[in-house]
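> Here's a structure for you.
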Amino acid sequence: MKKLALIDDAFLRLENRRQPLHIGVLMMLKPPADAAPDFAFQLADRLRQHTETAPPFNQKLVSKRGLHYWEEDNHFDLNHHFVHLALPKPGRIRELLAMVSRVHSGHLDRSYPLWRMYLIEGLEDGRIAMYLKMHHAMADGIAGITMLGKCMSNDQEASKEMLPPWAIGARKSRRAQPPVPTPASGFTAIRALTREGYKAITPVLKEVGGTFKDFRSGNENLALAGQAPKCIFNQKVSASRRFAAQSYSMPRIRAIARAFDATSNDVILAMCGGALRRYLIDRGELPKESLTAGVPVSVRRKNKQSKSNNEIAFTLTKLATHLENPAARLRAIKNCMDYNKQRMSKLSPGQLLAYAAMVMAPGATNALFGRKPDKTLGNVIISHVPGPRETMYWQGARLDGLYPVSLIIDSGALNITLVSGRDTVDFGLIACRKTVPSVQNLLRHLEDELTALERCVEKARPAPLRHNTKTAGKRRKTAPAPKQKVTKAVKGKASAA
């Protein structure tokens, strides 16, 4: 038996009937051109032959004297964890996302290892899908994407010989690092600083002091926990979930980033801020002050391992939803993120943990005791996970989309997670069906904001020089404008569950 790391244990203790704390991913896969009609059936049969399992996929939860441990499951039953399903006709993306929404709403049975995988066929366009969910106590999103990468290959034939996720497993680390904000975060920060030595606290205190000094002086680039205006996303959640997914063109995003001297992540945050603004305006519930987003930042060290599978720190950024102009919104977000990077670049992962815990403490205290009922810690989580940068294959089928399915909690009824690749950014939106109605509208608003930012770039470009026909000879023909890549919704029709 192995005791769970403090932060992994916290995800189990915070779980309740309305808040299942597992994460997932939806993979869209295109079978080979010469695939047989029963490709999915043959694939499922081949996967079932792999009965050998690796940690943590073969470990179940054990409780002793109030503590949680991982113990190897000596009676592992693959049939419980691997499920082959078919969509109801007509097999549109809508039916697929509805199925994922329902499956993601259900809890994982703690009597078994905390994961499940679904192979789904019956899509009208001939593609198949794979949906995998696993408890957050097992791994964070980056660890999950890394694990899936080990199951895929850039060679189609070689991918057919790759092992499934449960046979490869997920590598654990040697040094525990930060998680999402939980009651355990403070203890994790103290332990991290203790390992780095007492001298490590001085830079942390210096940055904390500078942060609160900026707050008192009204620095508009600072987003502090507990200062965000409450909105419909900050309510208790129900047990039902609604999942929406869509892909957007990375070349379009990079072009905007270059024009504004920003990062692709800045542009993505601006898209999200503008989309949330449009959504709340449609409902007549846009706060006068800017919404604030919690942005997870990986502090996973390369070639290092820790006891915890969750290695994430949090920073906060304003989404400038109070600004109508898309360009002004992007510049405000860029300034806020640059401010955060300046602070974070001076700190080690352990110091960053402690810094985040200290600056969040006043806001968390106010929220706990209800001292500022019109304020909240933050409004929404927006998480960006790096994905494959080349064409990949899984079991002979081409990867056609990688859409994260995250988790939501009370006062955080909407989560936006995305995986970026070479050509696309795959968005996965998960929300409480009751608290955040018609979440699929955000997909359209994200595209609207991307287009609006492109128009801002066009307006900012200097007008082309006009040639005088008397002195310059014949007027040059204008080259046709290049065609823009069209946004895709799970590479199908725009839809949501």
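In the structure tokens, chains take letters A, B, ... by order of appearance, with residues numbered from 1 within each chain and ligands from 1 in the order shown.
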Which residues in region 82-128 of chain A does DSSP call strand (DSSP E)? List them as a ChimeraX atom specification.

/A:82-86,115-121,128

> Please provide as a ChimeraX atom specification all residues within 9 Å of Ile333 (chain A), with the sequence filter that same-chain residues fewer than 5 positions apart are discarded (counting only C-alpha atoms).

/A:221,266-267,269-270,273,317-320,328,338

> Find, counting only C-alpha atoms, the residue in A:Tyr339, A:Phe233, A:Phe82, A:Trp394 that gets nearest to Lys133 (chain A).

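The answer is A:Phe82, which sits nearest to Lys133 (chain A).
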
> Within 12 Å of region 20-34 of chain A, which residues of region 211-285 of chain A show up? Give each one with its shortest atom-to-atom distance in Å (one decimal) and the two atoms involved, counting only C-alpha atoms, rows by chain then rising residue number, as CSV.


```
residue,atom,partner,partner_atom,distance
A:Val237,CA,A:Pro20,CA,11.0
A:Ser238,CA,A:Pro20,CA,10.7
A:Ala239,CA,A:Pro20,CA,8.2
A:Ser240,CA,A:Pro20,CA,10.2
A:Arg241,CA,A:Pro20,CA,10.3
A:Phe243,CA,A:Leu26,CA,10.5
A:Ala244,CA,A:Leu26,CA,10.9
A:Ala245,CA,A:Leu26,CA,9.3
A:Gln246,CA,A:Leu26,CA,11.4
A:Ser247,CA,A:Met28,CA,11.5
```

> Please identify all polymer residues within 6 Å of region 40-57 of chain A, counting only C-alpha atoms, omitting same-chain residues fewer than 2 positions from it, and present them as JSON, numbers by chain.

{"A": [38, 59, 166, 167, 168, 169]}

> Would you export the selected residues with N, CA and C atoms as a PDB file, in the first residue's frame, please?


```
ATOM      1  N   ASP A  38     -16.306  -3.126 -39.805  1.00  0.00           N
ATOM      2  CA  ASP A  38     -16.325  -3.446 -38.381  1.00  0.00           C
ATOM      3  C   ASP A  38     -15.011  -3.037 -37.703  1.00  0.00           C
ATOM      4  N   GLN A  59      -4.606   0.273  -9.466  1.00  0.00           N
ATOM      5  CA  GLN A  59      -4.644   0.567  -8.037  1.00  0.00           C
ATOM      6  C   GLN A  59      -6.028   1.061  -7.627  1.00  0.00           C
ATOM      7  N   TRP A 166      -4.063   1.759 -20.062  1.00  0.00           N
ATOM      8  CA  TRP A 166      -3.964   1.017 -18.805  1.00  0.00           C
ATOM      9  C   TRP A 166      -2.750   0.096 -18.751  1.00  0.00           C
ATOM     10  N   ALA A 167      -2.181  -0.239 -19.906  1.00  0.00           N
ATOM     11  CA  ALA A 167      -0.995  -1.087 -19.926  1.00  0.00           C
ATOM     12  C   ALA A 167       0.294  -0.274 -19.854  1.00  0.00           C
ATOM     13  N   ILE A 168       0.217   1.022 -20.193  1.00  0.00           N
ATOM     14  CA  ILE A 168       1.392   1.902 -20.132  1.00  0.00           C
ATOM     15  C   ILE A 168       1.513   2.547 -18.767  1.00  0.00           C
ATOM     16  N   GLY A 169       0.383   3.047 -18.242  1.00  0.00           N
ATOM     17  CA  GLY A 169       0.394   3.692 -16.932  1.00  0.00           C
ATOM     18  C   GLY A 169       0.855   5.128 -17.003  1.00  0.00           C
TER      19      GLY A 169
END
```

> So what do you get for CA of Leu446 (chain A) versus CA of Gly149 (chain A), distance-wise?

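The value is 27.5 Å.
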
> Please, what distance in Å, to one decimal, runs between CA of His80 (chain A) and CA of Tyr112 (chain A)?

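Going from CA of His80 (chain A) over to CA of Tyr112 (chain A), I get 8.5 Å.
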
> As a PyMOL selection string, please: the residues near Gly226 (chain A) (cut-off 8 Å, only C-alpha atoms, same-chain neighbours under 2 positions excluded).

chain A and resi 224+228+360+362-364+366-367+375-378

> Write out, as a compact mmCIF listing (two decimals), in the first residue's frame, the residues just selected, with N, CA and C atoms.


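Just written: part.txt:
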```txt
# COMPACT_ATOMS: atom_id res chain seq x y z
N LEU A 224 -6.49 40.22 -7.86
CA LEU A 224 -6.30 39.64 -6.53
C LEU A 224 -7.51 38.78 -6.17
N ALA A 228 -13.20 39.65 -7.37
CA ALA A 228 -14.01 39.47 -8.58
C ALA A 228 -15.49 39.66 -8.28
N MET A 360 -3.73 34.54 -1.80
CA MET A 360 -5.12 34.09 -1.87
C MET A 360 -5.79 34.06 -0.50
N PRO A 362 -6.30 36.23 2.10
CA PRO A 362 -7.30 37.23 2.50
C PRO A 362 -8.63 37.06 1.77
N GLY A 363 -8.58 36.82 0.47
CA GLY A 363 -9.82 36.62 -0.28
C GLY A 363 -10.56 35.37 0.15
N ALA A 364 -9.80 34.29 0.44
CA ALA A 364 -10.43 33.05 0.89
C ALA A 364 -11.08 33.24 2.25
N ASN A 366 -12.31 36.10 3.46
CA ASN A 366 -13.53 36.89 3.25
C ASN A 366 -14.67 36.03 2.71
N ALA A 367 -14.32 35.11 1.77
CA ALA A 367 -15.34 34.25 1.20
C ALA A 367 -15.88 33.28 2.24
N LYS A 375 -18.64 39.73 -3.66
CA LYS A 375 -17.36 39.39 -4.29
C LYS A 375 -17.12 37.88 -4.21
N THR A 376 -16.23 37.41 -5.08
CA THR A 376 -15.87 36.00 -5.09
C THR A 376 -14.39 35.86 -5.40
N LEU A 377 -13.82 34.67 -5.14
CA LEU A 377 -12.39 34.46 -5.38
C LEU A 377 -12.03 34.66 -6.85
N GLY A 378 -12.87 34.14 -7.74
CA GLY A 378 -12.68 34.27 -9.17
C GLY A 378 -13.94 33.79 -9.85
```

> Neighbours of Gly396 (chain A) within 8 Å (only C-alpha atoms; same-chain residues fewer than 2 positions away dropped), as a PDB file with C-alpha atoms, in the first residue's frame?


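Result file follows (out_18.pdb):
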```
ATOM      1  CA  PRO A  31     -10.087   5.195 -39.316  1.00  0.00           C
ATOM      2  CA  PRO A  32      -7.762   4.323 -42.226  1.00  0.00           C
ATOM      3  CA  GLN A 156       0.289   4.906 -38.588  1.00  0.00           C
ATOM      4  CA  GLU A 157       1.517   1.305 -38.753  1.00  0.00           C
ATOM      5  CA  ALA A 158       3.593   1.611 -35.587  1.00  0.00           C
ATOM      6  CA  SER A 159       0.573   2.969 -33.692  1.00  0.00           C
ATOM      7  CA  LYS A 160      -1.223  -0.342 -34.174  1.00  0.00           C
ATOM      8  CA  TYR A 393      -2.258   8.005 -34.786  1.00  0.00           C
ATOM      9  CA  TRP A 394      -3.895   5.812 -32.168  1.00  0.00           C
ATOM     10  CA  ARG A 398      -5.640   9.376 -37.161  1.00  0.00           C
TER      11      ARG A 398
END
```

> Which residues come within 9 Å of Asn265 (chain A), counting only C-alpha atoms, excluding same-chain residues fewer than 5 positions away, as a ChimeraX atom specification?

/A:253,257,270,384

> Can those selected residues be exported to a file as a short mmCIF file (atom, residue, chain, number, x, y, z; two decimals), in the first residue's frame so that it contains C-alpha atoms?


```cif
data_model
loop_
_atom_site.label_atom_id
_atom_site.label_comp_id
_atom_site.auth_asym_id
_atom_site.auth_seq_id
_atom_site.Cartn_x
_atom_site.Cartn_y
_atom_site.Cartn_z
CA ILE A 253 -4.61 33.03 -33.36
CA ALA A 257 -0.69 37.51 -31.41
CA ALA A 270 -9.12 37.57 -24.94
CA HIS A 384 -4.38 25.68 -21.43
#
```

> For region 9-13 of chain A, work out the shell of residues within 9 Å, counting only C-alpha atoms and skipping chain neighbours fewer than 3 positions away, then give it as a ChimeraX atom specification.

/A:3-6,16,21-22,67-69,135-137,182-184

> Could you jot down the CA of Thr211 (chain A) to CA of Ile381 (chain A) separation for me, Å, one decimal place?

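These two atoms are separated by 21.5 Å.
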
> Closest to Leu399 (chain A) among A:Lys206, A:Arg127, A:Lys334, A:His84, using only C-alpha atoms?

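The closest residue to Leu399 (chain A) is A:Arg127.
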
> Of the residues A:Asn219, A:Thr321, A:Asn58, A:Ser249, which is the one nearest to Thr451 (chain A), using only C-alpha atoms?

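Residue with the minimum atom-to-atom distance to Thr451 (chain A): A:Ser249.
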
> Which is closer to Arg17 (chain A) than all the others in A:Ala170, A:Ile409, A:Leu85, A:Ala200, using only C-alpha atoms?

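Checking each of A:Ala170, A:Ile409, A:Leu85, A:Ala200 against Arg17 (chain A), counting only C-alpha atoms, the winner is A:Ile409.
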